[in-house]
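Source file query27.csv; content: CSV, C-alpha atoms.
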chain,number,residue,atom,x,y,z
A,1,MET,CA,-86.0,35.3,-38.1
A,2,THR,CA,-86.6,35.9,-34.4
A,3,GLN,CA,-84.8,34.0,-31.7
A,4,GLN,CA,-88.1,32.2,-31.0
A,5,GLU,CA,-88.3,31.0,-34.6
A,6,ARG,CA,-84.6,30.0,-34.9
A,7,ARG,CA,-83.9,26.3,-34.5
A,8,PRO,CA,-80.2,25.8,-35.1
A,9,TRP,CA,-78.0,22.8,-35.6
A,10,ILE,CA,-75.4,22.7,-32.8
A,11,VAL,CA,-72.0,22.0,-34.3
A,12,GLY,CA,-69.3,20.9,-31.8
A,13,VAL,CA,-65.7,20.7,-32.9
A,14,SER,CA,-63.5,18.6,-30.6
A,15,GLY,CA,-59.7,18.2,-30.5
A,16,ALA,CA,-59.2,15.4,-33.1
A,17,SER,CA,-57.3,16.0,-36.3
A,18,GLY,CA,-59.7,16.8,-39.1
A,19,THR,CA,-60.7,20.5,-38.9
A,20,PRO,CA,-61.4,20.5,-42.7
A,21,PHE,CA,-64.3,18.1,-42.0
A,22,ALA,CA,-65.8,20.6,-39.6
A,23,ALA,CA,-65.4,23.4,-42.1
A,24,SER,CA,-67.1,21.5,-44.9
A,25,VAL,CA,-70.0,20.5,-42.6
A,26,LEU,CA,-70.4,24.2,-41.6
A,27,ARG,CA,-70.4,25.4,-45.2
A,28,GLY,CA,-72.9,22.7,-46.1
A,29,LEU,CA,-75.3,23.7,-43.3
A,30,LEU,CA,-75.1,27.3,-44.2
A,31,ALA,CA,-75.5,26.6,-47.9
A,32,ALA,CA,-78.7,24.7,-47.0
A,33,GLY,CA,-80.1,27.7,-45.2
A,34,GLU,CA,-79.6,26.2,-41.8
A,35,SER,CA,-78.8,28.2,-38.6
A,36,VAL,CA,-75.8,27.0,-36.7
A,37,ASP,CA,-74.7,27.3,-33.0
A,38,LEU,CA,-71.0,26.7,-32.9
A,39,VAL,CA,-69.0,25.3,-30.0
A,40,VAL,CA,-65.2,25.0,-30.6
A,41,SER,CA,-63.5,23.2,-27.7
A,42,ARG,CA,-60.3,24.3,-26.2
A,43,ALA,CA,-58.4,21.3,-27.5
A,44,SER,CA,-59.7,21.8,-31.0
A,45,ARG,CA,-58.3,25.3,-31.1
A,46,LEU,CA,-54.8,23.8,-30.8
A,47,THR,CA,-55.6,21.4,-33.6
A,48,LEU,CA,-57.0,24.2,-35.7
A,49,LEU,CA,-53.9,26.3,-35.1
A,50,ASP,CA,-51.7,23.4,-36.1
A,51,GLU,CA,-53.6,22.4,-39.2
A,52,THR,CA,-54.5,25.8,-40.5
A,53,GLY,CA,-52.4,28.4,-38.7
A,54,ILE,CA,-55.6,30.1,-37.6
A,55,ALA,CA,-55.9,31.0,-33.9
A,56,PHE,CA,-59.6,30.8,-33.0
A,57,ARG,CA,-60.4,33.6,-30.5
A,58,ASP,CA,-63.7,34.1,-28.7
A,59,ALA,CA,-63.4,37.8,-28.9
A,60,HIS,CA,-62.8,37.7,-32.7
A,61,TRP,CA,-64.6,34.5,-33.6
A,62,GLN,CA,-66.4,36.0,-36.7
A,63,GLU,CA,-63.1,37.0,-38.3
A,64,ASP,CA,-61.4,33.8,-37.4
A,65,LEU,CA,-64.4,31.6,-38.5
A,66,ARG,CA,-64.6,33.4,-41.9
A,67,ARG,CA,-60.9,32.8,-42.5
A,68,TRP,CA,-61.3,29.1,-41.5
A,69,LEU,CA,-64.3,28.4,-43.7
A,70,ALA,CA,-62.8,30.3,-46.7
A,71,ARG,CA,-59.8,27.9,-46.6
A,72,GLY,CA,-59.7,24.9,-48.8
A,73,ALA,CA,-58.7,21.4,-47.5
A,74,ASP,CA,-55.4,21.8,-49.5
A,75,GLY,CA,-54.5,24.9,-47.5
A,76,LYS,CA,-55.3,27.5,-50.1
A,77,PRO,CA,-56.9,30.7,-48.6
A,78,ASP,CA,-60.0,32.3,-50.1
A,79,THR,CA,-61.1,29.1,-51.8
A,80,PHE,CA,-64.6,29.6,-50.6
A,81,ARG,CA,-66.8,32.6,-49.8
A,82,PRO,CA,-68.7,31.7,-46.7
A,83,ASP,CA,-71.7,33.7,-45.4
A,84,ILE,CA,-71.5,33.2,-41.7
A,85,GLY,CA,-74.6,35.3,-40.9
A,86,GLY,CA,-76.5,32.2,-39.7
A,87,VAL,CA,-73.9,31.3,-37.1
A,88,ARG,CA,-74.0,32.0,-33.4
A,89,HIS,CA,-70.9,31.2,-31.3
A,90,TRP,CA,-70.8,30.0,-27.8
A,91,ALA,CA,-67.6,29.8,-25.7
A,92,ALA,CA,-66.7,26.2,-24.8
A,93,GLY,CA,-66.4,27.1,-21.1
A,94,ASP,CA,-69.9,28.8,-21.0
A,95,LEU,CA,-72.0,26.2,-19.2
A,96,ALA,CA,-74.8,28.7,-18.9
A,97,ALA,CA,-75.1,29.0,-22.7
A,98,GLY,CA,-78.3,28.2,-24.5
A,99,PRO,CA,-77.4,24.7,-25.7
A,100,SER,CA,-76.7,23.6,-22.1
A,101,SER,CA,-80.5,23.5,-21.5
A,102,GLY,CA,-83.1,21.1,-23.0
A,103,SER,CA,-85.5,24.0,-23.3
A,104,TYR,CA,-83.2,25.7,-25.8
A,105,PRO,CA,-84.7,25.0,-29.3
A,106,ALA,CA,-82.3,23.1,-31.5
A,107,LYS,CA,-82.7,20.5,-34.3
A,108,GLY,CA,-79.8,18.4,-33.1
A,109,MET,CA,-76.1,18.3,-32.8
A,110,LEU,CA,-73.2,17.3,-35.0
A,111,ILE,CA,-69.8,16.6,-33.5
A,112,VAL,CA,-67.2,16.9,-36.2
A,113,PRO,CA,-64.5,15.7,-35.8
A,114,ALA,CA,-65.0,13.7,-32.6
A,115,SER,CA,-61.9,12.7,-30.6
A,116,THR,CA,-61.8,9.5,-28.5
A,117,ALA,CA,-61.8,11.7,-25.4
A,118,CYS,CA,-65.0,13.4,-26.7
A,119,VAL,CA,-66.6,10.0,-27.4
A,120,ALA,CA,-65.8,8.9,-23.9
A,121,GLY,CA,-67.1,12.0,-22.3
A,122,VAL,CA,-70.4,11.9,-24.2
A,123,ALA,CA,-70.8,8.2,-23.7
A,124,LEU,CA,-70.3,8.6,-19.9
A,125,GLY,CA,-72.6,11.6,-19.7
A,126,LEU,CA,-69.9,14.0,-18.6
A,127,SER,CA,-70.3,17.8,-18.8
A,128,LYS,CA,-66.7,19.0,-18.5
A,129,ASP,CA,-67.4,21.7,-21.1
A,130,LEU,CA,-70.3,23.0,-23.2
A,131,LEU,CA,-69.6,20.6,-26.1
A,132,GLN,CA,-70.2,17.6,-23.8
A,133,ARG,CA,-73.1,19.2,-22.0
A,134,ALA,CA,-74.8,20.0,-25.3
A,135,ALA,CA,-74.3,16.5,-26.5
A,136,SER,CA,-75.9,15.1,-23.3
A,137,VAL,CA,-78.8,17.4,-23.6
A,138,THR,CA,-79.3,16.4,-27.3
A,139,LEU,CA,-79.4,12.7,-26.2
A,140,LYS,CA,-81.8,13.2,-23.3
A,141,GLU,CA,-84.1,15.3,-25.5
A,142,ARG,CA,-84.1,12.5,-28.1
A,143,ARG,CA,-82.8,14.9,-30.8
A,144,LYS,CA,-80.4,13.8,-33.6
A,145,LEU,CA,-76.8,13.4,-32.5
A,146,VAL,CA,-74.2,12.6,-35.1
A,147,VAL,CA,-70.7,11.8,-33.8
A,148,ALA,CA,-68.0,11.8,-36.6
A,149,VAL,CA,-65.2,9.8,-35.0
A,150,ARG,CA,-61.7,10.6,-36.3
A,151,GLU,CA,-59.2,8.1,-34.9
A,152,THR,CA,-57.3,5.0,-36.0
A,153,PRO,CA,-56.8,2.4,-34.7
A,154,LEU,CA,-59.6,2.2,-32.2
A,155,SER,CA,-59.1,0.7,-28.7
A,156,GLY,CA,-61.5,-1.8,-27.3
A,157,GLN,CA,-62.6,0.8,-24.7
A,158,THR,CA,-63.4,3.3,-27.4
A,159,LEU,CA,-65.3,0.7,-29.4
A,160,LYS,CA,-67.4,0.0,-26.3
A,161,GLN,CA,-68.1,3.7,-25.9
A,162,MET,CA,-69.2,3.9,-29.5
A,163,VAL,CA,-71.6,1.1,-29.0
A,164,ALA,CA,-72.9,2.9,-25.9
A,165,LEU,CA,-73.5,6.0,-28.0
A,166,ASP,CA,-75.3,3.9,-30.7
A,167,GLU,CA,-77.5,2.4,-28.0
A,168,ALA,CA,-78.3,5.8,-26.6
A,169,GLY,CA,-79.6,6.9,-30.1
A,170,ALA,CA,-76.6,8.6,-31.6
A,171,VAL,CA,-75.4,8.1,-35.1
A,172,VAL,CA,-71.7,7.0,-34.9
A,173,LEU,CA,-70.1,8.0,-38.2
A,174,PRO,CA,-66.4,7.3,-38.7
A,175,ALA,CA,-64.7,9.9,-40.8
A,176,SER,CA,-64.0,7.4,-43.6
A,177,PRO,CA,-64.0,8.8,-47.1
A,178,ALA,CA,-65.0,6.6,-50.0
A,179,PHE,CA,-63.6,6.6,-53.6
A,180,TYR,CA,-66.6,5.6,-55.7
A,181,ALA,CA,-67.6,9.3,-56.0
A,182,GLY,CA,-64.7,9.9,-58.3
A,183,ALA,CA,-62.5,12.0,-56.0
A,184,THR,CA,-59.7,13.8,-57.7
A,185,HIS,CA,-58.7,16.3,-55.0
A,186,ILE,CA,-58.3,16.2,-51.2
A,187,GLN,CA,-61.4,18.5,-50.9
A,188,ASP,CA,-63.5,15.8,-52.6
A,189,LEU,CA,-62.5,13.3,-49.9
A,190,VAL,CA,-63.3,15.8,-47.1
A,191,ASP,CA,-66.6,16.7,-48.7
A,192,PHE,CA,-67.6,13.1,-48.9
A,193,VAL,CA,-67.3,12.7,-45.2
A,194,ALA,CA,-69.0,16.0,-44.5
A,195,GLY,CA,-71.8,15.0,-46.9
A,196,ARG,CA,-72.4,11.7,-45.1
A,197,VAL,CA,-72.7,13.7,-41.8
A,198,LEU,CA,-75.3,15.9,-43.4
A,199,ASP,CA,-77.1,12.8,-44.8
A,200,ALA,CA,-77.3,11.4,-41.3
A,201,ALA,CA,-78.8,14.8,-40.1
A,202,GLY,CA,-81.3,14.9,-43.0
A,203,VAL,CA,-79.8,18.1,-44.4
A,204,PRO,CA,-79.8,18.3,-48.3
A,205,HIS,CA,-76.5,19.1,-50.0
A,206,GLN,CA,-74.5,18.6,-53.2
A,207,LEU,CA,-71.1,17.8,-51.6
A,208,TYR,CA,-70.5,14.5,-53.4
A,209,ARG,CA,-71.6,12.3,-56.3
A,210,ARG,CA,-74.0,9.7,-55.1
A,211,TRP,CA,-73.9,6.0,-56.0
A,212,GLU,CA,-76.3,5.3,-58.8
A,213,GLY,CA,-75.7,1.5,-59.3
A,214,GLU,CA,-73.4,1.9,-62.3
A,215,LEU,CA,-69.9,0.4,-62.1
A,216,GLY,CA,-67.3,2.8,-63.3
A,217,GLY,CA,-69.8,5.7,-63.4
A,218,ALA,CA,-67.5,8.0,-61.5
A,219,SER,CA,-64.6,7.6,-64.0
A,220,ARG,CA,-66.9,8.5,-66.9
A,221,SER,CA,-68.5,11.5,-65.3
For the structure just supplied, provide its representation as structure tokens.
Amino acid sequence: MTQQERRPWIVGVSGASGTPFAASVLRGLLAAGESVDLVVSRASRLTLLDETGIAFRDAHWQEDLRRWLARGADGKPDTFRPDIGGVRHWAAGDLAAGPSSGSYPAKGMLIVPASTACVAGVALGLSKDLLQRAASVTLKERRKLVVAVRETPLSGQTLKQMVALDEAGAVVLPASPAFYAGATHIQDLVDFVAGRVLDAAGVPHQLYRRWEGELGGASRS
């Protein structure tokens, strides 16, 4: 695939707790054959280090990303075997990067997880880093933007900013797992949220069992 033919999903990872959600979304996109442009914010690197012990480094991003995506939500290494060949990484401070321009071809953007600071920045149209700039570009170009908010409780100001994002055309998707899919492990709960993000983006996946209108179906499957 040439660069002219490549139309990636931009995935932004902000500093909120919930790096397993981002890992599951990334694995889901790659499994579906999608190309990915990855932006890992400075704050999210601290969260990733705290939640996984992995230090995400720009100079060694492929090695660090492979370790991250191979890790299960329960902390076990080498749970997955990710193929990251479809990923392109952009440094969060690189405001001259491809996704900073509306002429750069992209299908849309997924912010997983989205912190309240990230929600505020995108709602206000700020561009303090590449993640916020790419989100602003996604909105102005009328492309799909999914914002997976991971925070509780929510302040009135954040709720107003979430409404502003909705009115601007974004899909505001709280990282709220459901239990009707028959979850038995923490990975199931993580994959449910990731699957809902991919649903909102229109990307096919098999991350969770869908509701089929049968009460108790999950317990019998």
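For Phe56 in chain A, the residues within 9 Å (counting all atoms listed in the file, excluding itself and residues fewer than 2 positions away along the chain) are A:Val40, A:Arg45, A:Leu46, A:Leu48, A:Leu49, A:Ile54, A:Asp58, A:Ala59, A:His60, A:Trp61, A:Glu63, A:Asp64, A:Leu65, A:Trp68.
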When you count all atoms listed in the file, which of these residues is closest to Phe80 in chain A: A:Thr184, A:Ser24, A:Thr138, A:Gln206?
A:Ser24
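As for CA of Gly33 in chain A and CA of Asp188 in chain A, they are spaced 21.7 Å apart.
Going from CA of Ala117 in chain A to CA of Asp94 in chain A covers 19.4 Å.
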Quick one: residues within 12 Å of range 153-158 of chain A, all atoms listed in the file, excluding same-chain residues fewer than 4 positions away - as a PyMOL selection string?
chain A and resi 114-124+149+162-165+172+174
Quick one, how far is CA of Ser17 in chain A from CA of Gly108 in chain A?
22.9 Å
Neighbour residues at most 12 Å from (-54.3, 26.7, -49.0) (all atoms listed in the file) as a PyMOL selection string
chain A and resi 20+51-54+67-80+186-187
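With all atoms listed in the file as the basis for measurement, A:Ile10 is the residue among A:Val197, A:Ile10, A:Ala55, A:Ala23 that approaches Val137 in chain A most closely.
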Find, counting all atoms listed in the file, the residue in A:Lys160, A:Ser127, A:Tyr208, A:Ala170 that gets nearest to Leu139 in chain A.
A:Ala170
Give as a PyMOL selection string the set of residues within 6 Å of the point (-79.2, 29.5, -38.7), where distances use the file's coordinates and only C-alpha atoms.
chain A and resi 8+34-36+86-87
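Of the residues listed (A:Leu26, A:Val193, A:Leu126, A:Ile111), A:Ile111 shows the shortest atom-to-atom separation from Val13 in chain A; distances use only C-alpha atoms.
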Could you list, as a ChimeraX atom specification, every residue within 12 Å of Arg210 in chain A, counting all atoms listed in the file and ignoring same-chain residues fewer than 4 positions away?
/A:178-183,192,195-196,199,205-206,214,217-218,221
